[in-house]
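Please read the structure below before turning to the comments.
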Amino acid sequence: MAQITLKQLETFVQVADLGSFRRAAERLNTTQPNVSARIAGLEAQLQRKLMERDAGSVRLTPFGENMLGKARQVLASMDDFVAGAGNDVLFDGVLRLGVTEMVAHSWLVPYLSALKDKFPNIDVDLTVDLSANLSEALFNRGLDLALQSGPFGRTTVQALPLGSFPYIWVASPALGIGQKVLSWPDLAAFSILTHARGTLPFDQISDHMAGFADVPARLVPSTNMAAGIQMTIEGLGVACLPEIMVRQEVADGKLEALRYLWCPDALRFSARFEETAPHFVHEAASLAAQVSWSDVGVTDER
């Protein structure tokens, strides 16, 4: 019988999925020569060519296309075997986790702590980015799990709800506008700090502003909402943000909630991943749901 190893099969699947020896090496936390050696060894055992390399790209041969599904089946069976032992310590590897800044600024730390307790031998490769970019990385197999807000242009087979996060308007107490119900002209007197262009909250605030054509306002979009929060604390404008992102600042008196009677729609978050992902990815998604629903007080709109 051919002496084929699980490492060879895992490498074959990763190269096929990522379309690159270099990216597969990064994913497997090894070197590109090791990836090349594993593929060469697998092809030598099978005595058939699995893939062709051309100017940095990788293309499966017809034989490789046929064997890819079989390799996935073997790896899935091994994953199922380990899961059947009921011992999470047996899982090792890397979880490529993508989160939005809102998650990073609110409940990421307790989530990562819970994840480490459950899977002590799983390392996390963390990406913090806009939700649209996380979706692209997820579908390109650059991420295993994305904790992100919708709406989603494309759907995954698996998506666990993480809750609904409502918005509030906030400002520095130094501005002195927190004691009355505000009108749009009251807000428009200040710069309005918002999410990045192209996001749903930015679009909704822009649409809302368009309803007051005779009262122009200055929107200041940012891809870094932590910086936006600090600017708001410094009195450089007002902001409309998920309440969970500024909960501590409001409690500490650095910001105060404003009484403006319109807000963008609450952000609905999901843990998104592929059904074929390893067992620990499924469990990591379920753990994210437990943390978001139980530990941070999200709105229950499941």
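Labeling convention for the structure tokens: chains A, B, ... as they appear, residues from 1 per chain, ligands from 1 in order of appearance.
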All residues 12 Å or closer to Ala196 in chain A, only C-alpha atoms, same chain fewer than 2 positions away omitted, as a list of chain:residue names: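 These residues fall inside the cut-off: A:Glu101, A:Asp129, A:Leu130, A:Ser131, A:Ala132, A:Leu193, A:Thr194, A:Gly198, A:Thr199, A:Leu200, A:Pro201, A:Phe202, A:Asp203, A:Gln204, A:Ile205, A:Ser206, A:Leu219, A:Val220, A:Pro221, A:Ser222, A:Thr223, A:Asn224, A:Met225, A:Gly228, A:Leu241.
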Please provide as a tab-separated table (two decimals) with N, CA, C and O atoms, in the first residue's frame all residues within 12 Å of range 42-55 of chain A, with the sequence filter that same-chain residues fewer than 3 positions apart are discarded (counting only C-alpha atoms).
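Wrote it out as around-v8.tsv, contents follow:
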chain	number	residue	atom	x	y	z
A	1	MET	N	0.85	-1.19	0.00
A	1	MET	CA	0.00	0.00	0.00
A	1	MET	C	0.89	1.25	0.00
A	1	MET	O	1.92	1.29	0.65
A	2	ALA	N	0.46	2.27	-0.74
A	2	ALA	CA	1.21	3.51	-0.81
A	2	ALA	C	1.29	4.17	0.57
A	2	ALA	O	0.34	4.14	1.34
A	3	GLN	N	2.44	4.75	0.89
A	3	GLN	CA	2.67	5.39	2.19
A	3	GLN	C	2.29	6.88	2.09
A	3	GLN	O	3.13	7.77	2.11
A	4	ILE	N	1.01	7.13	1.99
A	4	ILE	CA	0.48	8.49	1.87
A	4	ILE	C	0.13	9.00	3.25
A	4	ILE	O	-0.52	8.31	4.04
A	5	THR	N	0.54	10.23	3.55
A	5	THR	CA	0.31	10.80	4.88
A	5	THR	C	-0.83	11.83	4.85
A	5	THR	O	-1.17	12.38	3.80
A	6	LEU	N	-1.38	12.07	6.03
A	6	LEU	CA	-2.43	13.09	6.14
A	6	LEU	C	-1.88	14.48	5.83
A	6	LEU	O	-2.59	15.31	5.26
A	7	LYS	N	-0.62	14.72	6.17
A	7	LYS	CA	-0.02	16.01	5.84
A	7	LYS	C	0.02	16.23	4.33
A	7	LYS	O	-0.22	17.33	3.84
A	8	GLN	N	0.31	15.18	3.59
A	8	GLN	CA	0.32	15.31	2.13
A	8	GLN	C	-1.08	15.62	1.60
A	8	GLN	O	-1.25	16.49	0.73
A	9	LEU	N	-2.08	14.92	2.13
A	9	LEU	CA	-3.45	15.16	1.66
A	9	LEU	C	-3.93	16.56	2.05
A	9	LEU	O	-4.58	17.25	1.26
A	10	GLU	N	-3.61	16.98	3.28
A	10	GLU	CA	-3.99	18.31	3.72
A	10	GLU	C	-3.33	19.38	2.85
A	10	GLU	O	-3.97	20.36	2.46
A	11	THR	N	-2.07	19.17	2.51
A	11	THR	CA	-1.35	20.12	1.67
A	11	THR	C	-1.96	20.16	0.27
A	11	THR	O	-2.13	21.24	-0.31
A	12	PHE	N	-2.29	19.01	-0.28
A	12	PHE	CA	-2.93	18.94	-1.59
A	12	PHE	C	-4.22	19.74	-1.61
A	12	PHE	O	-4.46	20.55	-2.52
A	13	VAL	N	-5.05	19.58	-0.59
A	13	VAL	CA	-6.33	20.29	-0.53
A	13	VAL	C	-6.10	21.79	-0.39
A	13	VAL	O	-6.77	22.59	-1.05
A	15	VAL	N	-3.46	23.61	-1.31
A	15	VAL	CA	-2.94	24.18	-2.56
A	15	VAL	C	-4.07	24.30	-3.58
A	15	VAL	O	-4.19	25.32	-4.28
A	16	ALA	N	-4.91	23.27	-3.67
A	16	ALA	CA	-6.02	23.31	-4.62
A	16	ALA	C	-7.00	24.42	-4.28
A	16	ALA	O	-7.48	25.14	-5.17
A	19	GLY	N	-4.98	27.90	-4.58
A	19	GLY	CA	-4.41	28.16	-5.89
A	19	GLY	C	-2.98	28.67	-5.85
A	19	GLY	O	-2.53	29.30	-6.80
A	20	SER	N	-2.28	28.35	-4.77
A	20	SER	CA	-0.93	28.89	-4.62
A	20	SER	C	-0.15	28.06	-3.62
A	20	SER	O	-0.65	27.77	-2.52
A	21	PHE	N	1.10	27.71	-3.98
A	21	PHE	CA	1.97	27.02	-3.04
A	21	PHE	C	2.35	27.96	-1.89
A	21	PHE	O	2.44	27.55	-0.73
A	22	ARG	N	2.58	29.23	-2.20
A	22	ARG	CA	2.95	30.19	-1.17
A	22	ARG	C	1.84	30.39	-0.15
A	22	ARG	O	2.08	30.35	1.06
A	35	VAL	N	5.93	22.50	1.18
A	35	VAL	CA	4.70	22.27	0.43
A	35	VAL	C	5.02	21.57	-0.89
A	35	VAL	O	4.36	20.59	-1.27
A	36	SER	N	6.02	22.07	-1.59
A	36	SER	CA	6.41	21.46	-2.86
A	36	SER	C	6.84	20.01	-2.66
A	36	SER	O	6.49	19.12	-3.47
A	37	ALA	N	7.58	19.75	-1.58
A	37	ALA	CA	8.05	18.39	-1.32
A	37	ALA	C	6.89	17.44	-1.02
A	37	ALA	O	6.88	16.29	-1.46
A	38	ARG	N	5.89	17.93	-0.28
A	38	ARG	CA	4.74	17.08	0.05
A	38	ARG	C	3.95	16.73	-1.21
A	38	ARG	O	3.52	15.59	-1.38
A	39	ILE	N	3.75	17.72	-2.07
A	39	ILE	CA	3.01	17.46	-3.31
A	39	ILE	C	3.81	16.52	-4.20
A	39	ILE	O	3.25	15.57	-4.78
A	58	VAL	N	-1.53	27.71	-9.98
A	58	VAL	CA	-1.64	26.26	-9.90
A	58	VAL	C	-2.94	25.83	-10.56
A	58	VAL	O	-4.00	26.41	-10.32
A	59	ARG	N	-2.84	24.81	-11.41
A	59	ARG	CA	-4.02	24.28	-12.08
A	59	ARG	C	-4.04	22.77	-11.91
A	59	ARG	O	-3.04	22.08	-12.18
A	60	LEU	N	-5.16	22.25	-11.41
A	60	LEU	CA	-5.28	20.80	-11.22
A	60	LEU	C	-5.39	20.10	-12.56
A	60	LEU	O	-6.05	20.59	-13.48
A	61	THR	N	-4.78	18.95	-12.65
A	61	THR	CA	-4.96	18.09	-13.82
A	61	THR	C	-6.33	17.41	-13.69
A	61	THR	O	-6.93	17.41	-12.60
A	62	PRO	N	-6.86	16.82	-14.74
A	62	PRO	CA	-8.11	16.06	-14.60
A	62	PRO	C	-8.02	15.00	-13.51
A	62	PRO	O	-8.99	14.79	-12.76
A	63	PHE	N	-6.88	14.34	-13.41
A	63	PHE	CA	-6.68	13.36	-12.34
A	63	PHE	C	-6.73	14.04	-10.97
A	63	PHE	O	-7.34	13.54	-10.02
A	64	GLY	N	-6.09	15.21	-10.86
A	64	GLY	CA	-6.11	15.96	-9.61
A	64	GLY	C	-7.52	16.38	-9.22
A	64	GLY	O	-7.89	16.32	-8.04
A	65	GLU	N	-8.30	16.82	-10.20
A	65	GLU	CA	-9.69	17.20	-9.94
A	65	GLU	C	-10.46	16.01	-9.37
A	65	GLU	O	-11.25	16.15	-8.42
A	66	ASN	N	-10.23	14.85	-9.91
A	66	ASN	CA	-10.92	13.64	-9.46
A	66	ASN	C	-10.49	13.25	-8.04
A	66	ASN	O	-11.31	12.81	-7.23
A	67	MET	N	-9.20	13.41	-7.74
A	67	MET	CA	-8.68	12.99	-6.44
A	67	MET	C	-8.95	14.01	-5.33
A	67	MET	O	-8.89	13.65	-4.15
A	68	LEU	N	-9.27	15.25	-5.70
A	68	LEU	CA	-9.49	16.27	-4.68
A	68	LEU	C	-10.64	15.92	-3.76
A	68	LEU	O	-10.54	16.03	-2.53
A	71	ALA	N	-9.63	13.21	-1.38
A	71	ALA	CA	-8.76	13.71	-0.31
A	71	ALA	C	-9.59	14.42	0.76
A	71	ALA	O	-9.34	14.26	1.96
Pick from A:Pro278, A:Ala188, A:Tyr167, A:Leu261 nearest to Met78 in chain A, counting only C-alpha atoms: A:Pro278
Those of range 78-183 of chain A in DSSP strand (DSSP E), formatted as a PyMOL selection string: chain A and resi 93-99+122-128+145-149+158-165+167-171
Non-local contacts of Asn29 in chain A (10 Å; only C-alpha atoms; under 6 positions in same chain excluded) as a VMD selection string: chain A and resid 23 93 to 94
Output N, CA and C atoms for every residue in that selection, as a PDB file, in the first residue's frame.
ATOM      1  N   ARG A  23       0.618  30.586  -0.627  1.00  0.00           N
ATOM      2  CA  ARG A  23      -0.502  30.782   0.289  1.00  0.00           C
ATOM      3  C   ARG A  23      -0.773  29.525   1.108  1.00  0.00           C
ATOM      4  N   GLY A  93      -3.825  23.157  15.210  1.00  0.00           N
ATOM      5  CA  GLY A  93      -3.839  23.837  13.915  1.00  0.00           C
ATOM      6  C   GLY A  93      -4.076  25.320  14.107  1.00  0.00           C
ATOM      7  N   VAL A  94      -4.560  25.958  13.054  1.00  0.00           N
ATOM      8  CA  VAL A  94      -4.764  27.405  13.050  1.00  0.00           C
ATOM      9  C   VAL A  94      -6.198  27.714  12.639  1.00  0.00           C
TER      10      VAL A  94
END
Using only C-alpha atoms, determine which residues lie at most 7 Å from range 279-284 of chain A, disregarding the query and same-chain residues fewer than 6 positions distant; provide the list as a PDB file with all heavy atoms, in the first residue's frame.
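Dumped everything to result-v7.pdb:
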ATOM      1  N   ASP A  79     -11.221  14.063  10.797  1.00  0.00           N
ATOM      2  CA  ASP A  79     -11.787  15.095  11.655  1.00  0.00           C
ATOM      3  C   ASP A  79     -12.931  14.524  12.480  1.00  0.00           C
ATOM      4  O   ASP A  79     -13.044  14.783  13.680  1.00  0.00           O
ATOM      5  CB  ASP A  79     -12.270  16.265  10.785  1.00  0.00           C
ATOM      6  CG  ASP A  79     -12.756  17.445  11.616  1.00  0.00           C
ATOM      7  OD1 ASP A  79     -11.939  18.048  12.327  1.00  0.00           O
ATOM      8  OD2 ASP A  79     -13.959  17.754  11.550  1.00  0.00           O
ATOM      9  N   ALA A  83     -13.147  14.158  16.523  1.00  0.00           N
ATOM     10  CA  ALA A  83     -14.299  14.744  17.217  1.00  0.00           C
ATOM     11  C   ALA A  83     -15.024  13.704  18.049  1.00  0.00           C
ATOM     12  O   ALA A  83     -15.537  13.996  19.138  1.00  0.00           O
ATOM     13  CB  ALA A  83     -15.244  15.381  16.212  1.00  0.00           C
ATOM     14  N   LEU A 115     -12.314  30.648  23.679  1.00  0.00           N
ATOM     15  CA  LEU A 115     -11.825  29.775  22.616  1.00  0.00           C
ATOM     16  C   LEU A 115     -10.544  29.066  23.054  1.00  0.00           C
ATOM     17  O   LEU A 115     -10.360  27.868  22.799  1.00  0.00           O
ATOM     18  CB  LEU A 115     -11.584  30.595  21.354  1.00  0.00           C
ATOM     19  CG  LEU A 115     -11.314  29.841  20.054  1.00  0.00           C
ATOM     20  CD1 LEU A 115     -12.515  28.988  19.660  1.00  0.00           C
ATOM     21  CD2 LEU A 115     -10.984  30.836  18.936  1.00  0.00           C
ATOM     22  N   ASP A 144     -11.411  30.962   7.785  1.00  0.00           N
ATOM     23  CA  ASP A 144     -12.230  29.812   8.170  1.00  0.00           C
ATOM     24  C   ASP A 144     -13.563  30.250   8.757  1.00  0.00           C
ATOM     25  O   ASP A 144     -14.584  29.583   8.578  1.00  0.00           O
ATOM     26  CB  ASP A 144     -11.502  28.958   9.218  1.00  0.00           C
ATOM     27  CG  ASP A 144     -10.190  28.413   8.722  1.00  0.00           C
ATOM     28  OD1 ASP A 144     -10.175  27.828   7.627  1.00  0.00           O
ATOM     29  OD2 ASP A 144      -9.170  28.581   9.420  1.00  0.00           O
ATOM     30  N   LEU A 145     -13.538  31.372   9.467  1.00  0.00           N
ATOM     31  CA  LEU A 145     -14.709  31.832  10.215  1.00  0.00           C
ATOM     32  C   LEU A 145     -14.730  33.348  10.209  1.00  0.00           C
ATOM     33  O   LEU A 145     -13.706  33.986  10.464  1.00  0.00           O
ATOM     34  CB  LEU A 145     -14.639  31.305  11.657  1.00  0.00           C
ATOM     35  CG  LEU A 145     -15.709  31.773  12.642  1.00  0.00           C
ATOM     36  CD1 LEU A 145     -17.091  31.291  12.222  1.00  0.00           C
ATOM     37  CD2 LEU A 145     -15.381  31.268  14.058  1.00  0.00           C
TER      38      LEU A 145
END
Residue nearest Gln248 in chain A - candidates A:His105, A:Arg218, A:Ser270, A:Asp207, atoms counted: only C-alpha atoms: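 Ranked by minimum distance to Gln248 in chain A, first place goes to A:His105.
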